[in-house]
Every structure is written in C-alpha cells, then in structure tokens.
>>> print(open('my_file.pdb').read())   # PDB, C-alpha atoms and all ligand atoms
MODEL        1
ATOM      1  CA  MET O   1      25.995  11.906 -77.070  1.00  0.00           C
ATOM      2  CA  LYS O   2      24.258  14.175 -74.565  1.00  0.00           C
ATOM      3  CA  LYS O   3      21.280  11.833 -74.538  1.00  0.00           C
ATOM      4  CA  LEU O   4      23.475   8.786 -74.005  1.00  0.00           C
ATOM      5  CA  LEU O   5      25.223  10.483 -71.119  1.00  0.00           C
ATOM      6  CA  SER O   6      21.939  11.243 -69.424  1.00  0.00           C
ATOM      7  CA  ILE O   7      20.838   7.606 -69.836  1.00  0.00           C
ATOM      8  CA  VAL O   8      24.115   6.411 -68.348  1.00  0.00           C
ATOM      9  CA  LEU O   9      23.702   8.891 -65.506  1.00  0.00           C
ATOM     10  CA  SER O  10      20.127   7.769 -64.868  1.00  0.00           C
ATOM     11  CA  ILE O  11      21.188   4.150 -64.776  1.00  0.00           C
ATOM     12  CA  ALA O  12      24.054   5.028 -62.470  1.00  0.00           C
ATOM     13  CA  MET O  13      21.685   6.944 -60.189  1.00  0.00           C
ATOM     14  CA  LEU O  14      19.197   4.108 -60.201  1.00  0.00           C
ATOM     15  CA  PHE O  15      21.980   1.707 -59.329  1.00  0.00           C
ATOM     16  CA  THR O  16      23.204   3.978 -56.562  1.00  0.00           C
ATOM     17  CA  PHE O  17      19.676   4.301 -55.240  1.00  0.00           C
ATOM     18  CA  CYS O  18      19.061   0.528 -55.222  1.00  0.00           C
ATOM     19  CA  GLY O  19      22.446  -0.162 -53.666  1.00  0.00           C
ATOM     20  CA  CYS O  20      21.851   2.463 -50.992  1.00  0.00           C
ATOM     21  CA  ASN O  21      19.341   0.348 -49.116  1.00  0.00           C
ATOM     22  CA  VAL O  22      21.836  -2.486 -48.988  1.00  0.00           C
ATOM     23  CA  HIS O  23      24.624  -0.258 -47.741  1.00  0.00           C
ATOM     24  CA  GLN O  24      22.369   1.442 -45.203  1.00  0.00           C
ATOM     25  CA  SER O  25      21.905  -1.824 -43.367  1.00  0.00           C
ATOM     26  CA  GLU O  26      25.619  -2.044 -42.799  1.00  0.00           C
ATOM     27  CA  GLY O  27      26.098  -0.246 -39.495  1.00  0.00           C
ATOM     28  CA  LYS O  28      23.615   2.616 -39.947  1.00  0.00           C
ATOM     29  CA  PRO O  29      19.969   3.216 -39.079  1.00  0.00           C
ATOM     30  CA  CYS O  30      17.551   3.377 -41.996  1.00  0.00           C
ATOM     31  CA  ALA O  31      16.551   6.641 -43.625  1.00  0.00           C
ATOM     32  CA  ASP O  32      12.966   7.642 -42.883  1.00  0.00           C
ATOM     33  CA  GLY O  33      10.458   5.392 -44.572  1.00  0.00           C
ATOM     34  CA  HIS O  34      13.009   2.760 -45.598  1.00  0.00           C
ATOM     35  CA  HIS O  35      12.460   0.239 -42.823  1.00  0.00           C
ATOM     36  CA  SER O  36      11.778  -3.395 -43.378  1.00  0.00           C
ATOM     37  CA  PHE O  37       9.302  -5.068 -41.021  1.00  0.00           C
ATOM     38  CA  THR O  38       8.822  -8.789 -41.530  1.00  0.00           C
ATOM     39  CA  LYS O  39       9.016 -10.584 -38.164  1.00  0.00           C
ATOM     40  CA  TYR O  40       5.915  -9.633 -36.217  1.00  0.00           C
ATOM     41  CA  VAL O  41       5.552 -10.926 -32.650  1.00  0.00           C
ATOM     42  CA  TYR O  42       2.117 -11.099 -31.079  1.00  0.00           C
ATOM     43  CA  ASN O  43       1.612  -8.917 -27.974  1.00  0.00           C
ATOM     44  CA  ASN O  44      -1.021 -11.149 -26.323  1.00  0.00           C
ATOM     45  CA  ASP O  45      -3.214  -8.128 -25.718  1.00  0.00           C
ATOM     46  CA  GLU O  46      -6.503  -9.034 -27.326  1.00  0.00           C
ATOM     47  CA  THR O  47      -9.710  -8.838 -25.327  1.00  0.00           C
ATOM     48  CA  CYS O  48     -13.202 -10.215 -25.859  1.00  0.00           C
ATOM     49  CA  LEU O  49     -14.016  -6.884 -27.481  1.00  0.00           C
ATOM     50  CA  LYS O  50     -11.128  -6.137 -29.795  1.00  0.00           C
ATOM     51  CA  ASP O  51      -8.283  -7.769 -31.714  1.00  0.00           C
ATOM     52  CA  GLY O  52      -4.791  -7.754 -30.258  1.00  0.00           C
ATOM     53  CA  THR O  53      -1.658  -6.192 -31.718  1.00  0.00           C
ATOM     54  CA  GLN O  54       1.627  -7.454 -33.078  1.00  0.00           C
ATOM     55  CA  THR O  55       4.946  -5.645 -33.204  1.00  0.00           C
ATOM     56  CA  ALA O  56       8.017  -6.018 -35.415  1.00  0.00           C
ATOM     57  CA  SER O  57      11.482  -4.509 -35.040  1.00  0.00           C
ATOM     58  CA  CYS O  58      13.127  -3.271 -38.210  1.00  0.00           C
ATOM     59  CA  ASP O  59      15.138  -6.046 -39.912  1.00  0.00           C
ATOM     60  CA  ASN O  60      18.138  -3.689 -39.963  1.00  0.00           C
ATOM     61  CA  MET O  61      19.852  -4.530 -36.686  1.00  0.00           C
ATOM     62  CA  TYR O  62      21.309  -1.007 -36.498  1.00  0.00           C
ATOM     63  CA  CYS O  63      17.844   0.518 -36.638  1.00  0.00           C
ATOM     64  CA  SER O  64      15.645   0.854 -33.551  1.00  0.00           C
ATOM     65  CA  ALA O  65      12.370   1.462 -35.404  1.00  0.00           C
ATOM     66  CA  THR O  66       9.377  -0.732 -34.542  1.00  0.00           C
ATOM     67  CA  ASP O  67       5.982  -1.141 -36.116  1.00  0.00           C
ATOM     68  CA  THR O  68       2.804  -2.233 -34.363  1.00  0.00           C
ATOM     69  CA  LYS O  69      -0.360  -3.261 -36.168  1.00  0.00           C
ATOM     70  CA  VAL O  70      -3.601  -5.053 -35.386  1.00  0.00           C
ATOM     71  CA  LYS O  71      -3.527  -8.827 -35.621  1.00  0.00           C
ATOM     72  CA  PRO O  72      -6.771  -9.639 -37.444  1.00  0.00           C
ATOM     73  CA  ASN O  73      -9.195 -12.129 -35.905  1.00  0.00           C
ATOM     74  CA  SER O  74      -7.226 -12.439 -32.670  1.00  0.00           C
ATOM     75  CA  LYS O  75     -10.157 -11.380 -30.468  1.00  0.00           C
ATOM     76  CA  HIS O  76     -10.918 -14.257 -28.065  1.00  0.00           C
ATOM     77  CA  SER O  77     -14.307 -15.619 -27.121  1.00  0.00           C
ATOM     78  CA  PRO O  78     -15.201 -14.697 -23.523  1.00  0.00           C
ATOM     79  CA  GLN O  79     -14.319 -17.122 -20.717  1.00  0.00           C
ATOM     80  CA  VAL O  80     -16.878 -15.871 -18.261  1.00  0.00           C
ATOM     81  CA  ILE O  81     -16.916 -16.574 -14.524  1.00  0.00           C
ATOM     82  CA  PHE O  82     -19.336 -15.247 -11.929  1.00  0.00           C
ATOM     83  CA  ILE O  83     -17.908 -12.932  -9.281  1.00  0.00           C
ATOM     84  CA  GLU O  84     -19.962 -12.564  -6.124  1.00  0.00           C
ATOM     85  CA  GLN O  85     -20.628  -9.212  -4.522  1.00  0.00           C
ATOM     86  CA  ILE O  86     -17.922  -8.036  -2.147  1.00  0.00           C
ATOM     87  CA  ASP O  87     -19.338  -5.759   0.539  1.00  0.00           C
ATOM     88  CA  SER O  88     -17.675  -2.478   1.354  1.00  0.00           C
ATOM     89  CA  THR O  89     -15.994  -1.760   4.654  1.00  0.00           C
ATOM     90  CA  CYS O  90     -15.233   1.687   6.065  1.00  0.00           C
ATOM     91  CA  VAL O  91     -11.795   1.546   4.444  1.00  0.00           C
ATOM     92  CA  LYS O  92     -12.284  -0.540   1.294  1.00  0.00           C
ATOM     93  CA  HIS O  93     -14.719  -0.184  -1.589  1.00  0.00           C
ATOM     94  CA  GLY O  94     -16.820  -3.266  -2.295  1.00  0.00           C
ATOM     95  CA  CYS O  95     -17.775  -4.546  -5.718  1.00  0.00           C
ATOM     96  CA  LEU O  96     -21.173  -5.538  -7.141  1.00  0.00           C
ATOM     97  CA  ALA O  97     -21.729  -9.094  -8.352  1.00  0.00           C
ATOM     98  CA  HIS O  98     -20.840  -9.426 -12.038  1.00  0.00           C
ATOM     99  CA  TYR O  99     -19.520 -11.684 -14.732  1.00  0.00           C
ATOM    100  CA  GLU O 100     -15.914 -11.341 -15.733  1.00  0.00           C
ATOM    101  CA  CYS O 101     -13.776 -12.740 -18.548  1.00  0.00           C
ATOM    102  CA  GLU O 102     -10.916 -14.636 -16.913  1.00  0.00           C
ATOM    103  CA  LEU O 103      -8.626 -13.912 -19.855  1.00  0.00           C
ATOM    104  CA  CYS O 104      -8.877 -10.134 -20.145  1.00  0.00           C
ATOM    105  CA  HIS O 105     -10.941  -9.077 -17.083  1.00  0.00           C
ATOM    106  CA  THR O 106     -13.647  -7.408 -19.119  1.00  0.00           C
ATOM    107  CA  PHE O 107     -16.812  -7.076 -17.009  1.00  0.00           C
ATOM    108  CA  PHE O 108     -20.306  -8.061 -18.099  1.00  0.00           C
ATOM    109  CA  THR O 109     -23.784  -7.890 -16.580  1.00  0.00           C
ATOM    110  CA  ASP O 110     -24.689 -11.288 -17.958  1.00  0.00           C
ATOM    111  CA  GLN O 111     -23.293 -14.768 -18.361  1.00  0.00           C
ATOM    112  CA  THR O 112     -23.546 -14.612 -22.152  1.00  0.00           C
ATOM    113  CA  ALA O 113     -21.100 -11.699 -22.138  1.00  0.00           C
ATOM    114  CA  THR O 114     -23.221  -9.365 -24.199  1.00  0.00           C
ATOM    115  CA  ASN O 115     -23.585  -6.295 -21.981  1.00  0.00           C
ATOM    116  CA  VAL O 116     -20.230  -4.804 -21.121  1.00  0.00           C
ATOM    117  CA  LEU O 117     -19.963  -3.131 -17.725  1.00  0.00           C
ATOM    118  CA  ASP O 118     -17.807  -0.157 -16.902  1.00  0.00           C
ATOM    119  CA  LYS O 119     -15.498  -0.948 -13.973  1.00  0.00           C
ATOM    120  CA  ASP O 120     -16.520   2.247 -12.157  1.00  0.00           C
ATOM    121  CA  GLY O 121     -20.145   1.096 -12.258  1.00  0.00           C
ATOM    122  CA  LEU O 122     -19.247  -1.911 -10.110  1.00  0.00           C
ATOM    123  CA  VAL O 123     -17.635  -0.015  -7.255  1.00  0.00           C
ATOM    124  CA  LEU O 124     -19.744   0.271  -4.113  1.00  0.00           C
ATOM    125  CA  PRO O 125     -19.465   3.294  -1.809  1.00  0.00           C
ATOM    126  CA  LEU O 126     -17.498   2.890   1.415  1.00  0.00           C
ATOM    127  CA  GLY O 127     -19.398   1.221   4.263  1.00  0.00           C
ATOM    128  CA  GLU O 128     -20.138   2.572   7.719  1.00  0.00           C
ATOM    129  CA  HIS O 129     -17.704   2.366  10.620  1.00  0.00           C
ATOM    130  CA  GLN O 130     -18.278  -0.517  13.046  1.00  0.00           C
ATOM    131  CA  THR O 131     -18.176   1.389  16.299  1.00  0.00           C
ATOM    132  CA  VAL O 132     -18.074   0.018  19.818  1.00  0.00           C
ATOM    133  CA  PHE O 133     -18.476   2.126  22.956  1.00  0.00           C
ATOM    134  CA  VAL O 134     -15.390   2.444  25.125  1.00  0.00           C
ATOM    135  CA  ALA O 135     -15.997   3.671  28.676  1.00  0.00           C
ATOM    136  CA  GLU O 136     -13.849   6.345  30.280  1.00  0.00           C
ATOM    137  CA  THR O 137     -10.646   5.071  31.905  1.00  0.00           C
ATOM    138  CA  LYS O 138      -8.561   6.584  34.704  1.00  0.00           C
ATOM    139  CA  SER O 139      -5.103   8.047  34.310  1.00  0.00           C
ATOM    140  CA  SER O 140      -2.199   6.912  36.440  1.00  0.00           C
ATOM    141  CA  CYS O 141       1.120   8.681  37.001  1.00  0.00           C
ATOM    142  CA  VAL O 142       2.516   6.770  34.020  1.00  0.00           C
ATOM    143  CA  SER O 143      -0.446   6.312  31.676  1.00  0.00           C
ATOM    144  CA  HIS O 144      -3.139   8.482  30.106  1.00  0.00           C
ATOM    145  CA  GLY O 145      -6.740   7.645  30.890  1.00  0.00           C
ATOM    146  CA  LEU O 146      -9.130   8.076  27.974  1.00  0.00           C
ATOM    147  CA  LEU O 147     -12.404   9.973  27.796  1.00  0.00           C
ATOM    148  CA  SER O 148     -15.332   7.782  26.812  1.00  0.00           C
ATOM    149  CA  HIS O 149     -15.524   7.368  23.032  1.00  0.00           C
ATOM    150  CA  TYR O 150     -16.470   5.116  20.150  1.00  0.00           C
ATOM    151  CA  TYR O 151     -13.844   3.008  18.407  1.00  0.00           C
ATOM    152  CA  CYS O 152     -13.954   1.351  14.988  1.00  0.00           C
ATOM    153  CA  ASP O 153     -11.716  -1.687  14.976  1.00  0.00           C
ATOM    154  CA  VAL O 154     -11.929  -2.013  11.184  1.00  0.00           C
ATOM    155  CA  CYS O 155     -10.100   1.254  10.494  1.00  0.00           C
ATOM    156  CA  GLY O 156      -8.779   1.971  14.004  1.00  0.00           C
ATOM    157  CA  GLY O 157     -10.618   5.306  14.104  1.00  0.00           C
ATOM    158  CA  TYR O 158     -11.741   7.154  17.258  1.00  0.00           C
ATOM    159  CA  PHE O 159     -15.059   8.986  17.303  1.00  0.00           C
ATOM    160  CA  THR O 160     -16.998  11.024  19.845  1.00  0.00           C
ATOM    161  CA  ASP O 161     -20.369   9.752  18.584  1.00  0.00           C
ATOM    162  CA  GLN O 162     -21.842   6.350  17.773  1.00  0.00           C
ATOM    163  CA  SER O 163     -22.632   7.329  14.169  1.00  0.00           C
ATOM    164  CA  ALA O 164     -18.936   8.032  13.691  1.00  0.00           C
ATOM    165  CA  ILE O 165     -19.423  11.497  12.269  1.00  0.00           C
ATOM    166  CA  TYR O 166     -17.011  13.265  14.591  1.00  0.00           C
ATOM    167  CA  LYS O 167     -13.578  11.750  14.232  1.00  0.00           C
ATOM    168  CA  VAL O 168     -10.853  12.562  16.737  1.00  0.00           C
ATOM    169  CA  VAL O 169      -7.262  11.493  17.199  1.00  0.00           C
ATOM    170  CA  LEU O 170      -6.210   9.503  20.256  1.00  0.00           C
ATOM    171  CA  GLU O 171      -4.407  12.512  21.783  1.00  0.00           C
ATOM    172  CA  GLN O 172      -7.719  14.397  21.950  1.00  0.00           C
ATOM    173  CA  LEU O 173      -9.186  11.662  24.165  1.00  0.00           C
ATOM    174  CA  GLN O 174      -6.199  11.392  26.474  1.00  0.00           C
ATOM    175  CA  LYS O 175      -6.468  12.756  30.009  1.00  0.00           C
ATOM    176  CA  PRO O 176      -3.354  14.127  31.751  1.00  0.00           C
ATOM    177  CA  PHE O 177      -1.272  11.849  33.982  1.00  0.00           C
ATOM    178  CA  SER O 178      -2.563  11.696  37.546  1.00  0.00           C
ATOM    179  CA  ASP O 179      -0.543  12.411  40.721  1.00  0.00           C
ATOM    180  CA  HIS O 180       1.574   9.609  42.115  1.00  0.00           C
ATOM    181  CA  VAL O 181      -0.184   7.220  44.457  1.00  0.00           C
ATOM    182  CA  PHE O 182       2.004   5.881  47.256  1.00  0.00           C
ATOM    183  CA  ASN O 183       2.046   2.463  48.873  1.00  0.00           C
ATOM    184  CA  PRO O 184       0.607   2.445  52.438  1.00  0.00           C
ATOM    185  CA  TYR O 185       3.839   0.841  53.676  1.00  0.00           C
ATOM    186  CA  TYR O 186       7.444   1.906  53.516  1.00  0.00           C
ATOM    187  CA  THR O 187      10.185   0.245  51.550  1.00  0.00           C
ATOM    188  CA  VAL O 188      13.697  -0.271  52.906  1.00  0.00           C
ATOM    189  CA  ASP O 189      15.845   1.240  50.176  1.00  0.00           C
ATOM    190  CA  VAL O 190      19.190   0.837  51.970  1.00  0.00           C
ATOM    191  CA  ASN O 191      19.649  -2.088  54.335  1.00  0.00           C
ATOM    192  CA  PRO O 192      21.030  -0.943  57.763  1.00  0.00           C
ATOM    193  CA  ASP O 193      22.336  -4.442  58.486  1.00  0.00           C
ATOM    194  CA  LYS O 194      24.915  -3.906  55.805  1.00  0.00           C
ATOM    195  CA  TYR O 195      25.929  -0.246  56.216  1.00  0.00           C
ATOM    196  CA  GLY O 196      24.943   0.621  59.794  1.00  0.00           C
ATOM    197  CA  ILE O 197      22.684   3.423  58.534  1.00  0.00           C
ATOM    198  CA  GLY O 198      19.831   2.598  56.249  1.00  0.00           C
ATOM    199  CA  GLU O 199      17.177   4.432  54.304  1.00  0.00           C
ATOM    200  CA  ILE O 200      13.458   3.924  53.997  1.00  0.00           C
ATOM    201  CA  SER O 201      10.819   5.668  51.859  1.00  0.00           C
ATOM    202  CA  TRP O 202       7.298   5.377  50.568  1.00  0.00           C
ATOM    203  CA  HIS O 203       7.279   4.275  46.937  1.00  0.00           C
ATOM    204  CA  CYS O 204       4.741   5.247  44.301  1.00  0.00           C
ATOM    205  CA  VAL O 205       2.706   2.197  43.309  1.00  0.00           C
ATOM    206  CA  ASN O 206       4.280   2.595  39.848  1.00  0.00           C
ATOM    207  CA  TYR O 207       7.798   3.114  41.254  1.00  0.00           C
ATOM    208  CA  ASP O 208       9.273   0.628  38.746  1.00  0.00           C
ATOM    209  CA  ILE O 209       8.263   2.996  35.926  1.00  0.00           C
ATOM    210  CA  CYS O 210       8.108   6.502  37.416  1.00  0.00           C
ATOM    211  CA  GLY O 211      10.875   6.048  40.023  1.00  0.00           C
ATOM    212  CA  VAL O 212       9.161   8.408  42.506  1.00  0.00           C
ATOM    213  CA  ARG O 213       9.410   7.919  46.288  1.00  0.00           C
ATOM    214  CA  LYS O 214       8.694  10.279  49.196  1.00  0.00           C
ATOM    215  CA  ASP O 215       9.543  10.852  52.877  1.00  0.00           C
ATOM    216  CA  ILE O 216      13.039   9.464  52.470  1.00  0.00           C
ATOM    217  CA  THR O 217      14.209   8.747  56.036  1.00  0.00           C
ATOM    218  CA  THR O 218      17.553   7.654  57.476  1.00  0.00           C
ATOM    219  CA  VAL O 219      17.222   4.726  59.879  1.00  0.00           C
ATOM    220  CA  THR O 220      19.346   2.427  61.961  1.00  0.00           C
ATOM    221  CA  ARG O 221      18.612  -1.210  62.659  1.00  0.00           C
ATOM    222  CA  GLU O 222      16.899  -0.153  65.926  1.00  0.00           C
ATOM    223  CA  ASP O 223      14.340   2.000  64.073  1.00  0.00           C
ATOM    224  CA  LEU O 224      13.083  -0.984  62.189  1.00  0.00           C
ATOM    225  CA  PRO O 225      10.559  -3.344  63.752  1.00  0.00           C
ATOM    226  CA  ASP O 226      11.732  -6.349  65.675  1.00  0.00           C
ATOM    227  CA  GLY O 227      11.754  -9.372  63.518  1.00  0.00           C
ATOM    228  CA  TRP O 228      12.677  -7.361  60.419  1.00  0.00           C
ATOM    229  CA  ILE O 229      15.552  -9.151  58.840  1.00  0.00           C
ATOM    230  CA  GLY O 230      17.440  -7.323  56.165  1.00  0.00           C
ATOM    231  CA  ALA O 231      17.858  -8.974  52.885  1.00  0.00           C
TER     232      ALA O 231
HETATM  233 ZN    ZN R 301      14.845   0.567 -40.145  1.00  0.00          ZN
HETATM  234 ZN    ZN R 302     -11.922 -11.707 -22.481  1.00  0.00          ZN
HETATM  235 ZN    ZN R 303     -13.965   2.394  10.456  1.00  0.00          ZN
HETATM  236 ZN    ZN R 304       4.318   7.377  40.130  1.00  0.00          ZN
ENDMDL
END
>>> encode(input="my_file.pdb", output="structure tokens", more="lines below")
Ligand SMILES: [Zn+2]
Ligand SMILES: [Zn+2]
Ligand SMILES: [Zn+2]
Ligand SMILES: [Zn+2]
Amino acid sequence: MKKLLSIVLSIAMLFTFCGCNVHQSEGKPCADGHHSFTKYVYNNDETCLKDGTQTASCDNMYCSATDTKVKPNSKHSPQVIFIEQIDSTCVKHGCLAHYECELCHTFFTDQTATNVLDKDGLVLPLGEHQTVFVAETKSSCVSHGLLSHYYCDVCGGYFTDQSAIYKVVLEQLQKPFSDHVFNPYYTVDVNPDKYGIGEISWHCVNYDICGVRKDITTVTREDLPDGWIGA
C-alpha cells in the first residue's frame, strides 16, 4: 500500500511537472532554464572574417528572454574595392590607400583580401597649416587694425610665424581703436533756413557709425556762404 502510494505520488508529481511548462506560458515568464527558442532571426552582422549571429525571442510571449548564437557558414566572401589615399589637412586626418570590403568595411592591404589591416594603421597624421602672410592694417575709430600675422584659411587659425608654431587668437593681434579723424569741411546739422538759428559741426569721417562731431557752432543764415541753399 505504501509502495503504491509512492508510485501514485511520483506519477502525480511527474504530471504536475510536465503540466507546469504548459501553465507557465499562460501569462507568466518562464522559470530559469525553461525557455523555448525556435524562431531565430538573422542579425546581418557577418563579416569577411567571421560568421554572423542570429537571435530568437522565447516562444512564451510573456517571457522577455532572448538567445543569440552564431549562424554557421554565414561569413561572406569579400567584395573588395580600392580606396585611394586621402591626404591630411591641418584639421582632418587623411587615410592611406587600401582595399576595403564594401559589405562590412573590413580593410585589407591587397586586392585578394588576405592581409587584414587595422583601421588605426591607415590614419595619417594631421597635415601642416597652409599659412599666408597678412600685412599690418591700421585701426580706425570704429575698427581694430591687426598686427602683421600668418593666417591659415583651412582651419581659420592665426599665427605669429610662417611655420605656424605660435598660435594666437584674433584679439591678441588687434590694435586699439584710433582717434577720430574729422572731415576737412563742416556739416550743417541744423538748417537755419528752417529755424532761423542753425548749427554746424565737423563730423568724424566715420560719423555714421561713431556719431562723433566737434566744434559745434550756432549759425544764422548770414554766417553761411553765399550761394548755400539749405536743404
Ligand atoms: Zn522563456
Ligand atoms: Zn566583408
Ligand atoms: Zn590650419
Ligand atoms: Zn569716429
């Protein structure tokens, strides 16, 4: 009797165990190690050098487990194109001539794609600055003149020497504003024809920007030259 009971119990347990997997898929994630992976999707990640991978989500829709494994024999044969050397500039690294697989961008030294090249081995050091000499310019009352310097129009850098070793910022080349320079003639600021008393002054040549005038003088129509006709 005891033996029979234990057999019945074992069968019941076995049944419970088998049924468990079925019940687990109804609204619950799987217990560890009880996933079911059947629908593998290829990841399109093979190269010329190694096989790609494929990934499956657990068949239990309530389970978020995934499994990724190698897809055998998915390695592709190289589709090699020749890439010409790209010279460096002062701001951008160039690249040596090489062969490259169009599909996975693996680099090779040769067209037959046998010698793999490390990407870092292709990078050329930065090039020299392309400097031009810029002569000294004068300041005005509204603009900074610049000390003579060398300018690289590739990177927009300012240098004090042709070899572009000593870099400076624009502000270091700027000279202070100069004094105002006045026109050799006066300007009638207020027309005496209209108001009886007018006003004349000598404007700075950059009056439109700096707004500076000097020797502001009150005048009547008689003070102005004959033939002057107010606007
Ligand atoms: Zn699962
Ligand atoms: Zn490739
Ligand atoms: Zn430069
Ligand atoms: Zn001025």
>>> resolve_selection(input="my_file.pdb", expression="the PyMOL selection byres (((not hetatm)) within 7 of (chain R and resi 304))", output="list in words")
Cys141, Val142, His180, Val181, Cys204, Val205, Asn206, Tyr207, Cys210, Gly211 and Val212 of chain O
>>> closest_atom_pairs(input="my_file.pdb", of="chain O", to="ligand ZN 302 (chain R)", cutoff="6 Å", atoms="only C-alpha atoms and all ligand atoms", output="CSV")
residue,atom,partner,partner_atom,distance
O:Thr47,CA,R:ZN302,ZN,4.6
O:Cys48,CA,R:ZN302,ZN,3.9
O:Pro78,CA,R:ZN302,ZN,4.6
O:Cys101,CA,R:ZN302,ZN,4.5
O:Leu103,CA,R:ZN302,ZN,4.8
O:Cys104,CA,R:ZN302,ZN,4.1
O:Thr106,CA,R:ZN302,ZN,5.7
>>> closest_residue(input="my_file.pdb", among="O:Ala56, O:Cys30, O:Val70, O:Ile197", to="Asp223 (chain O)", atoms="all atoms listed in the file")
O:Ile197
>>> axis_aligned_box(input="my_file.pdb", around="region 154-171 of chain O", padding_each_side="6 Å", output="lines of an AutoDock Vina configuration file")
center_x = -13.5
center_y = 5.6
center_z = 16.1
size_x = 30.2
size_y = 27.3
size_z = 23.3
>>> atom_distance(input="my_file.pdb", atom1="CA of Tyr40 (chain O)", atom2="CA of Glu102 (chain O)")
26.1 Å
>>> resolve_selection(input="my_file.pdb", expression="the PyMOL selection byres (((chain O and resi 215) around 9) and not hetatm)", output="PyMOL selection string")
chain O and resi 200-202+213-214+216-217
>>> decode(input="my_file.pdb", residues="region 91-112 of chain O", atoms="N, CA and C atoms", output="PDB file, in the first residue's frame")
ATOM      1  N   VAL O  91      43.260  70.041 -40.105  1.00  0.00           N
ATOM      2  CA  VAL O  91      42.162  69.764 -39.181  1.00  0.00           C
ATOM      3  C   VAL O  91      41.593  68.350 -39.316  1.00  0.00           C
ATOM      4  N   LYS O  92      41.966  67.644 -40.397  1.00  0.00           N
ATOM      5  CA  LYS O  92      41.347  66.337 -40.632  1.00  0.00           C
ATOM      6  C   LYS O  92      42.413  65.304 -40.987  1.00  0.00           C
ATOM      7  N   HIS O  93      42.335  64.145 -40.307  1.00  0.00           N
ATOM      8  CA  HIS O  93      43.288  63.081 -40.597  1.00  0.00           C
ATOM      9  C   HIS O  93      42.996  62.457 -41.958  1.00  0.00           C
ATOM     10  N   GLY O  94      44.041  62.244 -42.746  1.00  0.00           N
ATOM     11  CA  GLY O  94      43.908  61.555 -44.018  1.00  0.00           C
ATOM     12  C   GLY O  94      43.944  60.053 -43.805  1.00  0.00           C
ATOM     13  N   CYS O  95      43.875  59.325 -44.920  1.00  0.00           N
ATOM     14  CA  CYS O  95      43.790  57.872 -44.842  1.00  0.00           C
ATOM     15  C   CYS O  95      44.636  57.284 -45.976  1.00  0.00           C
ATOM     16  N   LEU O  96      45.464  56.298 -45.659  1.00  0.00           N
ATOM     17  CA  LEU O  96      46.298  55.654 -46.674  1.00  0.00           C
ATOM     18  C   LEU O  96      45.424  54.893 -47.674  1.00  0.00           C
ATOM     19  N   ALA O  97      45.958  54.712 -48.882  1.00  0.00           N
ATOM     20  CA  ALA O  97      45.254  53.900 -49.876  1.00  0.00           C
ATOM     21  C   ALA O  97      45.118  52.473 -49.334  1.00  0.00           C
ATOM     22  N   HIS O  98      43.995  51.836 -49.619  1.00  0.00           N
ATOM     23  CA  HIS O  98      43.785  50.469 -49.127  1.00  0.00           C
ATOM     24  C   HIS O  98      42.651  49.798 -49.908  1.00  0.00           C
ATOM     25  N   TYR O  99      42.462  48.563 -49.627  1.00  0.00           N
ATOM     26  CA  TYR O  99      41.321  47.839 -50.181  1.00  0.00           C
ATOM     27  C   TYR O  99      40.318  47.643 -49.053  1.00  0.00           C
ATOM     28  N   GLU O 100      39.062  47.710 -49.424  1.00  0.00           N
ATOM     29  CA  GLU O 100      38.025  47.666 -48.385  1.00  0.00           C
ATOM     30  C   GLU O 100      36.850  46.827 -48.869  1.00  0.00           C
ATOM     31  N   CYS O 101      36.331  45.980 -47.987  1.00  0.00           N
ATOM     32  CA  CYS O 101      35.131  45.201 -48.339  1.00  0.00           C
ATOM     33  C   CYS O 101      33.935  46.137 -48.241  1.00  0.00           C
ATOM     34  N   GLU O 102      33.198  46.247 -49.332  1.00  0.00           N
ATOM     35  CA  GLU O 102      32.028  47.135 -49.378  1.00  0.00           C
ATOM     36  C   GLU O 102      30.937  46.689 -48.424  1.00  0.00           C
ATOM     37  N   LEU O 103      30.902  45.404 -48.122  1.00  0.00           N
ATOM     38  CA  LEU O 103      29.799  44.856 -47.315  1.00  0.00           C
ATOM     39  C   LEU O 103      30.002  45.099 -45.822  1.00  0.00           C
ATOM     40  N   CYS O 104      31.244  44.930 -45.348  1.00  0.00           N
ATOM     41  CA  CYS O 104      31.446  45.016 -43.898  1.00  0.00           C
ATOM     42  C   CYS O 104      32.533  46.023 -43.515  1.00  0.00           C
ATOM     43  N   HIS O 105      33.138  46.680 -44.518  1.00  0.00           N
ATOM     44  CA  HIS O 105      34.176  47.691 -44.278  1.00  0.00           C
ATOM     45  C   HIS O 105      35.372  47.148 -43.503  1.00  0.00           C
ATOM     46  N   THR O 106      35.719  45.900 -43.806  1.00  0.00           N
ATOM     47  CA  THR O 106      36.993  45.371 -43.311  1.00  0.00           C
ATOM     48  C   THR O 106      38.076  45.855 -44.285  1.00  0.00           C
ATOM     49  N   PHE O 107      39.231  46.236 -43.737  1.00  0.00           N
ATOM     50  CA  PHE O 107      40.308  46.799 -44.555  1.00  0.00           C
ATOM     51  C   PHE O 107      41.374  45.754 -44.851  1.00  0.00           C
ATOM     52  N   PHE O 108      41.904  45.822 -46.075  1.00  0.00           N
ATOM     53  CA  PHE O 108      42.953  44.885 -46.480  1.00  0.00           C
ATOM     54  C   PHE O 108      44.081  45.638 -47.181  1.00  0.00           C
ATOM     55  N   THR O 109      45.285  45.046 -47.156  1.00  0.00           N
ATOM     56  CA  THR O 109      46.406  45.653 -47.866  1.00  0.00           C
ATOM     57  C   THR O 109      46.371  45.293 -49.343  1.00  0.00           C
ATOM     58  N   ASP O 110      45.652  44.234 -49.658  1.00  0.00           N
ATOM     59  CA  ASP O 110      45.719  43.685 -51.015  1.00  0.00           C
ATOM     60  C   ASP O 110      44.335  43.387 -51.581  1.00  0.00           C
ATOM     61  N   GLN O 111      44.301  43.332 -52.901  1.00  0.00           N
ATOM     62  CA  GLN O 111      43.043  43.131 -53.614  1.00  0.00           C
ATOM     63  C   GLN O 111      42.435  41.747 -53.351  1.00  0.00           C
ATOM     64  N   THR O 112      43.292  40.782 -53.038  1.00  0.00           N
ATOM     65  CA  THR O 112      42.788  39.424 -52.805  1.00  0.00           C
ATOM     66  C   THR O 112      42.255  39.251 -51.375  1.00  0.00           C
TER      67      THR O 112
END
